[in-house]
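Visitor: Just structure_11.cif, nothing more (mmCIF, C-alpha atoms (C1' of nucleotides)):
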```
data_coords
#
loop_
_atom_site.label_atom_id
_atom_site.label_comp_id
_atom_site.auth_asym_id
_atom_site.auth_seq_id
_atom_site.Cartn_x
_atom_site.Cartn_y
_atom_site.Cartn_z
CA MET A 1 -7.51 -40.97 -10.36
CA ASN A 2 -9.68 -39.68 -13.19
CA THR A 3 -7.29 -38.53 -15.89
CA GLU A 4 -9.41 -38.37 -19.02
CA LEU A 5 -10.41 -34.76 -18.66
CA ILE A 6 -6.94 -33.38 -18.08
CA LEU A 7 -5.43 -35.35 -20.95
CA SER A 8 -8.12 -34.13 -23.32
CA ASN A 9 -7.51 -30.62 -21.99
CA ILE A 10 -3.82 -30.80 -22.84
CA CYS A 11 -4.39 -32.57 -26.15
CA LYS A 12 -6.61 -29.73 -27.31
CA TYR A 13 -3.37 -27.86 -27.94
CA ILE A 14 -0.51 -30.36 -28.25
CA SER A 15 -0.36 -34.02 -29.27
CA LEU A 16 1.01 -36.54 -26.80
CA ASN A 17 2.06 -40.16 -27.18
CA ASP A 18 1.31 -42.70 -24.47
CA GLU A 19 4.70 -42.37 -22.89
CA GLU A 20 4.35 -38.61 -22.58
CA LYS A 21 0.88 -38.98 -21.15
CA GLU A 22 2.17 -41.35 -18.51
CA HIS A 23 4.99 -38.99 -17.73
CA ILE A 24 2.62 -36.10 -17.15
CA LEU A 25 0.18 -38.09 -15.03
CA HIS A 26 3.07 -39.15 -12.86
CA PHE A 27 3.55 -35.58 -11.74
CA LEU A 28 -0.04 -35.02 -10.67
CA GLU A 29 -1.53 -35.35 -7.20
CA GLU A 30 -5.24 -35.84 -6.79
CA GLU A 31 -7.14 -34.15 -3.98
CA HIS A 32 -10.76 -34.57 -2.99
CA LEU A 33 -12.43 -31.43 -1.81
CA THR A 34 -15.26 -30.91 0.62
CA LYS A 35 -17.42 -27.81 0.45
CA ASN A 36 -15.90 -24.64 1.90
CA LYS A 37 -12.41 -26.13 2.16
CA PHE A 38 -9.57 -23.74 1.39
CA ILE A 39 -6.97 -25.03 -1.02
CA LEU A 40 -5.04 -21.78 -0.66
CA ARG A 41 -5.08 -18.93 1.84
CA GLN A 42 -3.74 -15.39 1.49
CA GLY A 43 -0.20 -15.27 2.82
CA GLU A 44 0.56 -18.98 2.35
CA LEU A 45 3.05 -20.04 -0.28
CA CYS A 46 1.29 -20.99 -3.48
CA ASN A 47 3.05 -24.12 -4.68
CA TYR A 48 0.48 -25.69 -6.99
CA ILE A 49 -1.50 -25.07 -10.09
CA ASN A 50 -4.77 -26.98 -9.95
CA PHE A 51 -6.87 -28.59 -12.62
CA VAL A 52 -10.55 -28.98 -11.74
CA ASN A 53 -11.96 -32.42 -12.44
CA THR A 54 -15.31 -31.94 -10.72
CA GLY A 55 -16.86 -29.31 -8.47
CA LEU A 56 -16.50 -25.54 -8.42
CA LEU A 57 -13.83 -23.31 -6.86
CA ARG A 58 -13.57 -19.59 -6.25
CA ALA A 59 -10.49 -17.37 -5.92
CA TYR A 60 -11.03 -14.14 -4.03
CA TYR A 61 -9.08 -11.32 -2.49
CA LEU A 62 -10.02 -10.07 0.96
CA ASN A 63 -8.83 -6.51 1.46
CA PRO A 64 -7.82 -5.07 4.84
CA GLU A 65 -11.33 -3.68 5.35
CA GLY A 66 -12.81 -7.13 4.83
CA LYS A 67 -14.22 -6.50 1.36
CA ASP A 68 -14.31 -9.68 -0.72
CA SER A 69 -13.44 -9.44 -4.45
CA THR A 70 -13.80 -12.52 -6.61
CA VAL A 71 -10.88 -12.95 -8.99
CA MET A 72 -12.16 -16.05 -10.75
CA PHE A 73 -14.34 -19.12 -10.58
CA ALA A 74 -13.17 -22.49 -11.85
CA VAL A 75 -15.40 -25.30 -13.11
CA PRO A 76 -14.36 -28.71 -14.48
CA ASP A 77 -11.75 -28.51 -17.26
CA TRP A 78 -10.32 -25.24 -15.88
CA TRP A 79 -7.00 -24.48 -14.26
CA ILE A 80 -6.82 -22.34 -11.14
CA THR A 81 -4.06 -20.92 -8.96
CA ASP A 82 -2.69 -17.58 -7.82
CA MET A 83 -0.58 -17.38 -10.96
CA HIS A 84 1.77 -14.59 -9.97
CA CYS A 85 2.58 -16.17 -6.63
CA PHE A 86 2.75 -19.69 -8.05
CA LEU A 87 5.24 -18.68 -10.72
CA ASN A 88 7.41 -16.68 -8.38
CA GLY A 89 7.19 -18.73 -5.21
CA LEU A 90 5.52 -15.88 -3.34
CA PRO A 91 2.88 -15.76 -0.59
CA ALA A 92 -0.58 -15.86 -2.10
CA MET A 93 -2.61 -12.69 -2.59
CA VAL A 94 -5.87 -14.60 -2.82
CA ASN A 95 -7.85 -17.32 -1.13
CA ILE A 96 -9.07 -20.28 -3.15
CA GLN A 97 -12.08 -21.97 -1.63
CA VAL A 98 -14.35 -24.84 -2.63
CA VAL A 99 -17.85 -23.68 -3.61
CA GLU A 100 -19.11 -27.08 -4.68
CA ALA A 101 -17.40 -30.30 -3.54
CA GLY A 102 -15.35 -32.15 -6.11
CA SER A 103 -11.80 -33.09 -6.94
CA ILE A 104 -8.71 -31.51 -8.44
CA LEU A 105 -5.38 -32.58 -9.86
CA LYS A 106 -2.46 -30.63 -8.45
CA LEU A 107 0.77 -29.90 -10.30
CA SER A 108 3.64 -28.42 -8.30
CA ARG A 109 5.93 -25.72 -9.63
CA GLU A 110 8.87 -28.12 -9.41
CA ASN A 111 7.08 -30.74 -11.45
CA LEU A 112 5.90 -28.16 -13.95
CA ASP A 113 9.50 -27.10 -14.45
CA LYS A 114 10.48 -30.74 -14.94
CA LEU A 115 7.74 -31.06 -17.52
CA TYR A 116 9.15 -28.12 -19.47
CA ASP A 117 12.51 -29.87 -19.52
CA ASP A 118 11.29 -33.38 -20.24
CA ILE A 119 8.57 -32.51 -22.74
CA PRO A 120 9.55 -29.19 -24.34
CA LYS A 121 6.27 -28.86 -26.20
CA PHE A 122 4.66 -28.43 -22.80
CA ASN A 123 5.87 -24.84 -23.19
CA LYS A 124 3.52 -24.53 -26.13
CA PHE A 125 0.65 -25.92 -24.11
CA PHE A 126 1.23 -23.54 -21.29
CA ARG A 127 1.77 -20.65 -23.67
CA ILE A 128 -1.69 -21.21 -25.10
CA LEU A 129 -3.18 -21.55 -21.64
CA MET A 130 -1.65 -18.22 -20.67
CA GLN A 131 -2.74 -16.58 -23.92
CA ASN A 132 -6.32 -17.58 -23.27
CA ALA A 133 -6.16 -16.46 -19.66
CA TYR A 134 -4.67 -13.11 -20.64
CA CYS A 135 -7.29 -12.49 -23.30
CA ARG A 136 -10.10 -13.36 -20.90
CA GLU A 137 -8.76 -10.98 -18.27
CA GLN A 138 -8.35 -8.21 -20.82
CA LEU A 139 -11.94 -8.63 -21.94
CA ARG A 140 -13.09 -8.51 -18.34
CA ILE A 141 -11.17 -5.27 -17.80
CA ILE A 142 -12.74 -3.70 -20.87
CA GLN A 143 -16.18 -4.69 -19.65
CA ASN A 144 -15.55 -3.51 -16.10
CA LEU A 145 -14.42 -0.15 -17.45
CA SER A 146 -17.07 0.36 -20.09
CA LEU A 147 -20.26 -1.28 -18.82
CA PRO A 148 -22.60 -0.43 -15.91
CA ALA A 149 -23.34 -3.12 -13.33
CA LYS A 150 -26.55 -4.41 -14.89
CA GLU A 151 -24.89 -5.06 -18.23
CA ARG A 152 -21.89 -6.72 -16.60
CA TYR A 153 -24.35 -8.99 -14.85
CA ASP A 154 -26.11 -9.80 -18.12
CA GLN A 155 -22.77 -10.65 -19.73
CA PHE A 156 -21.83 -12.83 -16.79
CA ILE A 157 -24.94 -15.01 -16.96
CA LYS A 158 -24.70 -15.12 -20.74
CA ASN A 159 -21.01 -16.08 -20.86
CA TYR A 160 -20.86 -18.33 -17.80
CA PRO A 161 -24.33 -19.82 -17.29
CA GLN A 162 -22.92 -22.99 -15.69
CA ILE A 163 -21.19 -20.82 -13.08
CA ALA A 164 -23.97 -18.28 -12.67
CA ASN A 165 -26.52 -20.82 -11.55
CA LYS A 166 -24.25 -22.51 -9.02
CA VAL A 167 -22.81 -19.59 -7.10
CA THR A 168 -24.63 -17.43 -4.58
CA LEU A 169 -25.83 -13.92 -5.31
CA LYS A 170 -23.21 -12.68 -2.88
CA GLN A 171 -20.43 -14.38 -4.82
CA THR A 172 -21.76 -13.09 -8.10
CA ALA A 173 -21.86 -9.56 -6.70
CA SER A 174 -18.29 -9.96 -5.49
CA TYR A 175 -17.23 -11.00 -9.01
CA LEU A 176 -19.01 -8.02 -10.56
CA GLY A 177 -17.60 -5.57 -8.04
CA ILE A 178 -20.93 -4.49 -6.53
CA THR A 179 -22.75 -5.14 -3.26
CA PRO A 180 -25.19 -8.05 -2.86
CA GLU A 181 -27.93 -5.53 -2.04
CA PHE A 182 -27.42 -3.72 -5.31
CA LEU A 183 -27.32 -6.95 -7.33
CA SER A 184 -30.51 -8.01 -5.65
CA SER A 185 -32.16 -4.78 -6.73
CA ILE A 186 -30.84 -5.20 -10.28
CA ARG A 187 -32.38 -8.67 -10.36
CA GLY A 188 -35.65 -7.41 -9.00
CA LYS A 189 -35.96 -4.97 -11.87
CA MET A 190 -35.42 -7.60 -14.55
CA ASP A 191 -38.55 -8.74 -16.41
CA MET B 1 16.79 -0.69 -37.62
CA ASN B 2 17.53 -0.56 -33.90
CA THR B 3 17.50 -4.15 -32.68
CA GLU B 4 19.38 -4.03 -29.39
CA LEU B 5 16.34 -3.50 -27.21
CA ILE B 6 14.24 -6.31 -28.65
CA LEU B 7 17.09 -8.81 -28.53
CA SER B 8 17.79 -7.99 -24.92
CA ASN B 9 14.05 -8.27 -24.27
CA ILE B 10 13.95 -11.78 -25.69
CA CYS B 11 17.23 -12.82 -24.08
CA LYS B 12 15.85 -11.93 -20.67
CA TYR B 13 14.01 -15.26 -20.91
CA ILE B 14 15.74 -17.49 -23.48
CA SER B 15 19.31 -17.63 -24.79
CA LEU B 16 19.89 -17.13 -28.50
CA ASN B 17 22.92 -17.73 -30.69
CA ASP B 18 23.82 -15.32 -33.47
CA GLU B 19 22.10 -17.36 -36.12
CA GLU B 20 18.86 -17.43 -34.18
CA LYS B 21 19.07 -13.71 -33.55
CA GLU B 22 19.47 -13.06 -37.26
CA HIS B 23 16.57 -15.34 -37.99
CA ILE B 24 14.29 -13.45 -35.65
CA LEU B 25 15.32 -10.02 -36.87
CA HIS B 26 14.58 -11.13 -40.40
CA PHE B 27 10.93 -11.45 -39.52
CA LEU B 28 10.56 -7.94 -38.10
CA GLU B 29 9.34 -4.82 -39.86
CA GLU B 30 10.23 -1.41 -38.49
CA GLU B 31 7.71 1.42 -38.53
CA HIS B 32 8.23 5.05 -37.55
CA LEU B 33 5.28 6.61 -35.84
CA THR B 34 4.13 10.21 -35.76
CA LYS B 35 2.02 11.48 -32.90
CA ASN B 36 -1.68 10.54 -32.99
CA LYS B 37 -1.20 7.97 -35.74
CA PHE B 38 -3.33 4.85 -35.44
CA ILE B 39 -1.49 1.57 -35.81
CA LEU B 40 -4.77 -0.31 -35.35
CA ARG B 41 -8.42 0.66 -35.51
CA GLN B 42 -11.45 -1.16 -34.11
CA GLY B 43 -12.88 -3.45 -36.78
CA GLU B 44 -9.66 -3.80 -38.78
CA LEU B 45 -7.88 -7.13 -38.85
CA CYS B 46 -5.12 -7.20 -36.27
CA ASN B 47 -2.21 -8.89 -38.00
CA TYR B 48 0.75 -7.73 -35.95
CA ILE B 49 2.19 -7.80 -32.50
CA ASN B 50 4.32 -4.72 -31.92
CA PHE B 51 7.43 -4.15 -29.88
CA VAL B 52 7.98 -0.54 -28.80
CA ASN B 53 11.49 0.76 -29.41
CA THR B 54 10.82 4.40 -28.60
CA GLY B 55 7.74 6.51 -27.93
CA LEU B 56 4.48 5.72 -26.17
CA LEU B 57 1.32 4.00 -27.44
CA ARG B 58 -2.15 3.59 -26.03
CA ALA B 59 -4.76 0.86 -26.66
CA TYR B 60 -8.34 1.85 -25.97
CA TYR B 61 -11.85 0.65 -26.54
CA LEU B 62 -14.48 3.09 -27.73
CA ASN B 63 -17.95 1.85 -26.82
CA PRO B 64 -21.09 2.59 -28.89
CA GLU B 65 -21.87 5.62 -26.69
CA GLY B 66 -18.42 7.06 -27.38
CA LYS B 67 -16.92 6.33 -23.98
CA ASP B 68 -13.17 5.73 -24.18
CA SER B 69 -11.63 3.01 -21.97
CA THR B 70 -7.85 2.60 -21.93
CA VAL B 71 -6.83 -1.04 -22.04
CA MET B 72 -3.08 -0.47 -21.84
CA PHE B 73 -0.19 1.88 -22.44
CA ALA B 74 3.07 0.68 -23.96
CA VAL B 75 6.47 2.28 -23.43
CA PRO B 76 9.87 1.19 -24.83
CA ASP B 77 10.63 -2.51 -24.19
CA TRP B 78 6.92 -3.43 -24.13
CA TRP B 79 4.84 -5.48 -26.56
CA ILE B 80 1.41 -4.28 -27.62
CA THR B 81 -1.41 -5.63 -29.77
CA ASP B 82 -5.05 -6.65 -29.48
CA MET B 83 -3.98 -10.11 -28.34
CA HIS B 84 -7.27 -11.93 -28.74
CA CYS B 85 -7.81 -10.63 -32.25
CA PHE B 86 -4.16 -11.03 -33.24
CA LEU B 87 -4.09 -14.67 -32.17
CA ASN B 88 -7.38 -15.55 -33.81
CA GLY B 89 -7.24 -13.40 -36.93
CA LEU B 90 -10.27 -11.40 -35.85
CA PRO B 91 -11.30 -7.76 -36.30
CA ALA B 92 -9.80 -5.64 -33.55
CA MET B 93 -11.85 -4.63 -30.52
CA VAL B 94 -9.52 -1.76 -29.67
CA ASN B 95 -7.73 1.18 -31.24
CA ILE B 96 -4.00 1.53 -30.80
CA GLN B 97 -2.80 5.11 -31.17
CA VAL B 98 0.52 6.88 -30.83
CA VAL B 99 0.69 9.12 -27.75
CA GLU B 100 4.33 10.10 -28.17
CA ALA B 101 6.13 9.73 -31.52
CA GLY B 102 8.64 6.90 -31.79
CA SER B 103 9.19 3.62 -33.57
CA ILE B 104 8.06 0.02 -33.31
CA LEU B 105 9.09 -3.37 -34.63
CA LYS B 106 6.20 -5.35 -36.06
CA LEU B 107 5.93 -9.14 -36.08
CA SER B 108 3.14 -10.69 -38.13
CA ARG B 109 1.13 -13.71 -36.98
CA GLU B 110 2.49 -15.71 -39.90
CA ASN B 111 6.05 -14.91 -38.97
CA LEU B 112 5.39 -15.61 -35.32
CA ASP B 113 4.10 -19.05 -36.27
CA LYS B 114 7.21 -19.62 -38.35
CA LEU B 115 9.32 -18.64 -35.36
CA TYR B 116 7.58 -21.25 -33.20
CA ASP B 117 8.47 -23.87 -35.82
CA ASP B 118 12.00 -22.72 -36.55
CA ILE B 119 13.04 -21.90 -33.00
CA PRO B 120 10.89 -24.02 -30.67
CA LYS B 121 12.16 -22.29 -27.55
CA PHE B 122 10.36 -19.21 -28.80
CA ASN B 123 7.33 -20.92 -27.28
CA LYS B 124 9.00 -20.54 -23.91
CA PHE B 125 9.68 -16.87 -24.53
CA PHE B 126 6.11 -16.19 -25.50
CA ARG B 127 4.82 -18.30 -22.65
CA ILE B 128 6.67 -16.09 -20.19
CA LEU B 129 5.46 -12.95 -21.94
CA MET B 130 1.88 -14.19 -21.64
CA GLN B 131 2.37 -15.22 -18.02
CA ASN B 132 3.53 -11.73 -17.16
CA ALA B 133 0.71 -10.12 -19.09
CA TYR B 134 -1.88 -12.35 -17.42
CA CYS B 135 -0.55 -11.64 -13.94
CA ARG B 136 -0.55 -7.90 -14.59
CA GLU B 137 -4.14 -7.98 -15.80
CA GLN B 138 -5.22 -10.05 -12.83
CA LEU B 139 -3.64 -7.57 -10.45
CA ARG B 140 -5.39 -4.73 -12.24
CA ILE B 141 -8.73 -6.50 -11.89
CA ILE B 142 -8.17 -7.01 -8.17
CA GLN B 143 -7.34 -3.35 -7.76
CA ASN B 144 -10.27 -2.19 -9.87
CA LEU B 145 -12.62 -4.30 -7.76
CA SER B 146 -11.19 -3.54 -4.34
CA LEU B 147 -9.89 0.04 -4.43
CA PRO B 148 -11.68 3.39 -4.79
CA ALA B 149 -10.61 5.75 -7.57
CA LYS B 150 -8.14 7.79 -5.53
CA GLU B 151 -6.19 4.74 -4.44
CA ARG B 152 -6.17 3.30 -7.95
CA TYR B 153 -4.70 6.61 -9.08
CA ASP B 154 -2.04 6.48 -6.35
CA GLN B 155 -1.11 2.94 -7.43
CA PHE B 156 -0.93 4.00 -11.06
CA ILE B 157 1.53 6.82 -10.49
CA LYS B 158 3.52 4.65 -8.11
CA ASN B 159 3.71 1.61 -10.41
CA TYR B 160 4.01 3.40 -13.75
CA PRO B 161 5.64 6.78 -13.11
CA GLN B 162 7.23 6.88 -16.57
CA ILE B 163 3.76 6.51 -18.09
CA ALA B 164 1.93 8.71 -15.62
CA ASN B 165 3.98 11.78 -16.39
CA LYS B 166 3.69 11.45 -20.17
CA VAL B 167 -0.02 10.88 -20.69
CA THR B 168 -2.77 13.45 -20.31
CA LEU B 169 -5.12 13.56 -17.36
CA LYS B 170 -7.88 12.50 -19.71
CA GLN B 171 -5.99 9.38 -20.73
CA THR B 172 -5.16 8.55 -17.13
CA ALA B 173 -8.81 8.90 -16.18
CA SER B 174 -9.75 6.61 -19.05
CA TYR B 175 -7.28 4.01 -17.76
CA LEU B 176 -8.67 4.25 -14.24
CA GLY B 177 -12.27 4.07 -15.39
CA ILE B 178 -13.34 7.50 -14.15
CA THR B 179 -14.12 10.85 -15.78
CA PRO B 180 -11.43 13.49 -16.30
CA GLU B 181 -13.45 15.89 -14.12
CA PHE B 182 -13.44 13.46 -11.24
CA LEU B 183 -9.72 12.76 -11.59
CA SER B 184 -9.08 16.48 -11.62
CA SER B 185 -10.98 16.83 -8.38
CA ILE B 186 -9.05 13.92 -6.85
CA ARG B 187 -5.82 15.64 -7.82
CA GLY B 188 -6.99 18.93 -6.38
CA LYS B 189 -7.57 17.30 -3.01
CA MET B 190 -4.07 15.81 -2.82
CA ASP B 191 -1.65 17.61 -0.49
"C1'" DC C 1 -37.01 -32.06 12.62
"C1'" DT C 2 -35.70 -27.79 14.64
"C1'" DC C 3 -32.90 -24.14 15.93
"C1'" DA C 4 -29.09 -21.33 14.37
"C1'" DT C 5 -26.81 -19.37 10.73
"C1'" DT C 6 -26.32 -17.73 6.34
"C1'" DT C 7 -28.38 -15.71 2.33
"C1'" DA C 8 -31.59 -12.84 -0.08
"C1'" DT C 9 -34.93 -9.06 -0.21
"C1'" DT C 10 -36.52 -4.50 0.64
"C1'" DA C 11 -36.18 0.22 1.83
"C1'" DA C 12 -34.27 4.62 3.60
"C1'" DT C 13 -30.40 7.34 3.63
"C1'" DA C 14 -25.66 8.43 2.20
"C1'" DT C 15 -21.82 8.98 -0.98
"C1'" DA C 16 -18.68 8.19 -4.84
"C1'" DC C 17 -18.66 9.39 -9.10
"C1'" DC C 18 -21.03 11.44 -13.45
"C1'" DT C 19 -23.03 15.19 -16.35
"C1'" DT C 20 -23.24 19.58 -17.95
"C1'" DA C 21 -21.57 24.05 -18.26
"C1'" DT C 22 -18.17 27.74 -17.75
"C1'" DT C 23 -13.56 29.45 -17.22
"C1'" DT C 24 -8.65 29.06 -17.28
"C1'" DT C 25 -4.52 27.07 -18.87
"C1'" DT C 26 -1.77 24.67 -22.10
"C1'" DT C 27 -0.70 23.06 -26.60
"C1'" DT C 28 -0.91 23.28 -31.51
"C1'" DT C 29 -0.71 25.41 -35.67
"C1'" DA C 30 -0.73 29.00 -39.03
"C1'" DT D 1 3.69 35.28 -32.15
"C1'" DA D 2 -1.20 35.24 -32.32
"C1'" DA D 3 -5.18 32.69 -33.00
"C1'" DA D 4 -7.33 28.33 -32.61
"C1'" DA D 5 -7.87 24.13 -30.45
"C1'" DA D 6 -7.39 21.02 -26.84
"C1'" DA D 7 -6.83 20.02 -22.07
"C1'" DA D 8 -7.50 21.00 -17.32
"C1'" DA D 9 -9.83 23.09 -13.45
"C1'" DT D 10 -13.95 24.37 -11.03
"C1'" DA D 11 -18.63 24.07 -9.62
"C1'" DA D 12 -23.69 22.86 -9.47
"C1'" DG D 13 -26.79 19.39 -9.72
"C1'" DG D 14 -27.83 14.42 -10.84
"C1'" DT D 15 -27.43 9.30 -10.74
"C1'" DA D 16 -25.45 4.78 -9.92
"C1'" DT D 17 -24.11 2.38 -6.34
"C1'" DA D 18 -23.00 1.85 -1.14
"C1'" DT D 19 -24.40 1.60 3.69
"C1'" DT D 20 -27.26 0.44 7.30
"C1'" DA D 21 -30.96 -1.88 9.16
"C1'" DA D 22 -34.83 -4.76 9.36
"C1'" DT D 23 -37.29 -8.83 7.66
"C1'" DA D 24 -37.98 -13.05 5.14
"C1'" DA D 25 -36.28 -17.14 3.05
"C1'" DA D 26 -33.11 -20.81 2.58
"C1'" DT D 27 -29.56 -23.71 4.28
"C1'" DG D 28 -27.03 -26.38 7.54
"C1'" DA D 29 -25.78 -28.49 12.15
"C1'" DG D 30 -27.07 -31.19 15.79
#
```
Is it possible to express this structure as structure tokens?
Guide:
Amino acid sequence: MNTELILSNICKYISLNDEEKEHILHFLEEEHLTKNKFILRQGELCNYINFVNTGLLRAYYLNPEGKDSTVMFAVPDWWITDMHCFLNGLPAMVNIQVVEAGSILKLSRENLDKLYDDIPKFNKFFRILMQNAYCREQLRIIQNLSLPAKERYDQFIKNYPQIANKVTLKQTASYLGITPEFLSSIRGKMD
Amino acid sequence: MNTELILSNICKYISLNDEEKEHILHFLEEEHLTKNKFILRQGELCNYINFVNTGLLRAYYLNPEGKDSTVMFAVPDWWITDMHCFLNGLPAMVNIQVVEAGSILKLSRENLDKLYDDIPKFNKFFRILMQNAYCREQLRIIQNLSLPAKERYDQFIKNYPQIANKVTLKQTASYLGITPEFLSSIRGKMD
DNA sequence: CTCATTTATTAATATACCTTATTTTTTTTA
DNA sequence: TAAAAAAAATAAGGTATATTAATAAATGAG
């Protein structure tokens, strides 16, 4: 189990001694992921939060008419889950699917709760994680409300180049909230 | 200074003894707000997170072309700030303006940091606040991506009736990401 | 390697939503 | 209470984006 990345991720925000590190690692389950595998499906209980070690994942909502809306992508060093459903033990609203094969470390809600008890400063870590996530989502909302599609696309490739050149045009369009045909035409017009 | 609401807000998630309550209240500054007053303007440093005791506030981004996009409304028992800029000591991206007169309790970044040190479980409180905020924003993104304007409007009045019947049509349209004219026409077609 | 499937491109037509302008209604203020 | 200002409604015409369909390119399964 490759644990360097996740420990450095946590230690960006809180300091841990060796004992605490061991304690955390004990709660993690590794999973290797093949392309297109689902690690979560709409309607299933969402019992894990997942840390990406390698590969690329995508969370998306499929509405009753079959329209696919990408909620987020996750690359190495990112956490991904259906947060609302994970925290409240509810059926997932989104699918999470593997875009590029890799591996994740899974932390269950039960074990996360134990971590809060055993290592109280883990609350601080998770607080900062949630702060960052909230701020990112808020920025995305502002941009979705105030920018036309072409400029949202420009922002996307500027802010997430490592994602932009690994996902399909269709997935990018789904993240931007436009059709693949329209994104294709936007691209065509770029010089 | 009316402190009942904020204490009950905090005690929804963590328990506090009388000493801790006093300690927290000590860090708060009350401010009475007249209608249309700005408590934050784009470009100013955002040094406070604000708890709404009474009244109604609105955070919005004004883009270079003058288009107004509502980021959030805040009613009593809600917290409001420009989170990214508050946390990082940066110039605000949004304006926060009083829609309905009332009063707020302000907590500075410095005092919040002291609270984390003095009462470590305040990290848990803020973690939960951020979790809730993140989940709300994520849901809003999903809805913005997957629903047409009329259905987003229906959701808004269903989920936030106490806000919907206090803000103007113009402000509602700005929250939904459509023009007031188009919202008016949506309303006209409702039976 | 090859056929089947998915993805991307292109183009014509359609529609959700915007812009501008005018009128009516509501709110504010003097 | 009247005048002024702001908000809402209505309508015509315009544009960004969607839909449908057909073709080409890329990817994947056997």
Visitor: Of the candidates D:DA4, D:DA11, D:DA24, D:DA18, which shows the shortest atom-to-atom distance to chain A, using only C-alpha atoms (C1' of nucleotides)?
Guide: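 Closest candidate: D:DA18.
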Visitor: Pull out every residue that the PyMOL selection byres ((chain A and resi 12) around 12) matches in the shown coordinates and put them as a list in words.
Guide: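 Selection result, ordered by chain and number: Leu5, Ile6, Leu7, Ser8, Asn9, Ile10, Cys11, Tyr13, Ile14, Ser15, Leu16, Asp77, Lys124, Phe125, Phe126, Ile128 and Leu129 of chain A.
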Visitor: Select all residues from chain C having any atom no more than 12 Å from an atom of chain A (counting only C-alpha atoms (C1' of nucleotides), ignoring ligands), output as a list in words.
Guide: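 The selection requested is DT6, DT7, DA8, DT9, DT10 and DA11 of chain C.
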Visitor: Go through chain D residue by residue and, counting all atoms listed in the file, keep those with an atom at most 9 Å from chain B; for each kept residue give the shortest atom pair and its distance in Å to one decimal, ordered by chain and increasing number, as a tab-separated table.
Guide:
```
residue	atom	partner	partner_atom	distance
D:DA7	C1'	B:Thr168	CA	7.9
D:DA8	C1'	B:Ser184	CA	7.4
D:DA9	C1'	B:Ser184	CA	6.9
D:DT10	C1'	B:Ser185	CA	8.5
```
Visitor: Any idea which chain B residues end up within 7 Å of chain A if we count only C-alpha atoms, as a PDB file with C-alpha atoms, in the frame of the given file please?
Guide:
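Generated file (iface-v4.pdb):
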```pdb
ATOM      1  CA  ASN B  63     -17.950   1.850 -26.820  1.00  0.00           C
ATOM      2  CA  SER B  69     -11.630   3.010 -21.970  1.00  0.00           C
ATOM      3  CA  VAL B  71      -6.830  -1.040 -22.040  1.00  0.00           C
ATOM      4  CA  MET B  83      -3.980 -10.110 -28.340  1.00  0.00           C
ATOM      5  CA  HIS B  84      -7.270 -11.930 -28.740  1.00  0.00           C
ATOM      6  CA  ASN B 123       7.330 -20.920 -27.280  1.00  0.00           C
ATOM      7  CA  LYS B 124       9.000 -20.540 -23.910  1.00  0.00           C
ATOM      8  CA  PHE B 126       6.110 -16.190 -25.500  1.00  0.00           C
ATOM      9  CA  ARG B 127       4.820 -18.300 -22.650  1.00  0.00           C
ATOM     10  CA  MET B 130       1.880 -14.190 -21.640  1.00  0.00           C
ATOM     11  CA  GLN B 131       2.370 -15.220 -18.020  1.00  0.00           C
ATOM     12  CA  ALA B 133       0.710 -10.120 -19.090  1.00  0.00           C
ATOM     13  CA  TYR B 134      -1.880 -12.350 -17.420  1.00  0.00           C
ATOM     14  CA  CYS B 135      -0.550 -11.640 -13.940  1.00  0.00           C
ATOM     15  CA  GLU B 137      -4.140  -7.980 -15.800  1.00  0.00           C
ATOM     16  CA  GLN B 138      -5.220 -10.050 -12.830  1.00  0.00           C
ATOM     17  CA  ILE B 141      -8.730  -6.500 -11.890  1.00  0.00           C
ATOM     18  CA  ILE B 142      -8.170  -7.010  -8.170  1.00  0.00           C
ATOM     19  CA  LEU B 145     -12.620  -4.300  -7.760  1.00  0.00           C
ATOM     20  CA  SER B 146     -11.190  -3.540  -4.340  1.00  0.00           C
ATOM     21  CA  GLY B 177     -12.270   4.070 -15.390  1.00  0.00           C
TER      22      GLY B 177
END
```
Visitor: Find the residues with any atom within 10 Å of (-29.3, -31.5, 16.6); use all atoms listed in the file and the coordinates as given in the file, and write the answer as an mmCIF file with C-alpha atoms (C1' of nucleotides), in the coordinates of the input.
Guide:
```
data_model
loop_
_atom_site.group_PDB
_atom_site.id
_atom_site.type_symbol
_atom_site.label_atom_id
_atom_site.label_comp_id
_atom_site.auth_asym_id
_atom_site.auth_seq_id
_atom_site.Cartn_x
_atom_site.Cartn_y
_atom_site.Cartn_z
ATOM 1 C "C1'" DC C 1 -37.010 -32.060 12.620
ATOM 2 C "C1'" DT C 2 -35.700 -27.790 14.640
ATOM 3 C "C1'" DC C 3 -32.900 -24.140 15.930
ATOM 4 C "C1'" DA D 29 -25.780 -28.490 12.150
ATOM 5 C "C1'" DG D 30 -27.070 -31.190 15.790
#
```
Visitor: Here's the selection I'm unsure about, the PyMOL selection byres ((chain B and resi 110) around 12); applied to the file above, which residues does it give, as a list in words?
Guide: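 Applied to this file, the PyMOL selection byres ((chain B and resi 110) around 12) selects Phe27, Leu28, Cys46, Asn47, Tyr48, Ile49, Phe86, Leu87, Asn88, Gly89, Lys106, Leu107, Ser108, Arg109, Asn111, Leu112, Asp113, Lys114, Leu115, Tyr116 and Asp117 of chain B.
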Visitor: Hey, can you check how far atom CA of A:Asn53 sits from atom CA of A:Pro76?
Guide: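 That distance, rounded to one decimal, is 4.9 Å.
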Visitor: On this structure, which residues satisfy the PyMOL selection byres ((chain C and resi 19) around 8), written as number ranges by chain?
Guide: C: 18, 20; D: 14
Visitor: Could you write those residues out with C-alpha atoms (C1' of nucleotides), as an mmCIF file, in the coordinates of the input?
Guide:
```
data_model
loop_
_atom_site.group_PDB
_atom_site.id
_atom_site.type_symbol
_atom_site.label_atom_id
_atom_site.label_comp_id
_atom_site.auth_asym_id
_atom_site.auth_seq_id
_atom_site.Cartn_x
_atom_site.Cartn_y
_atom_site.Cartn_z
ATOM 1 C "C1'" DC C 18 -21.030 11.440 -13.450
ATOM 2 C "C1'" DT C 20 -23.240 19.580 -17.950
ATOM 3 C "C1'" DG D 14 -27.830 14.420 -10.840
#
```
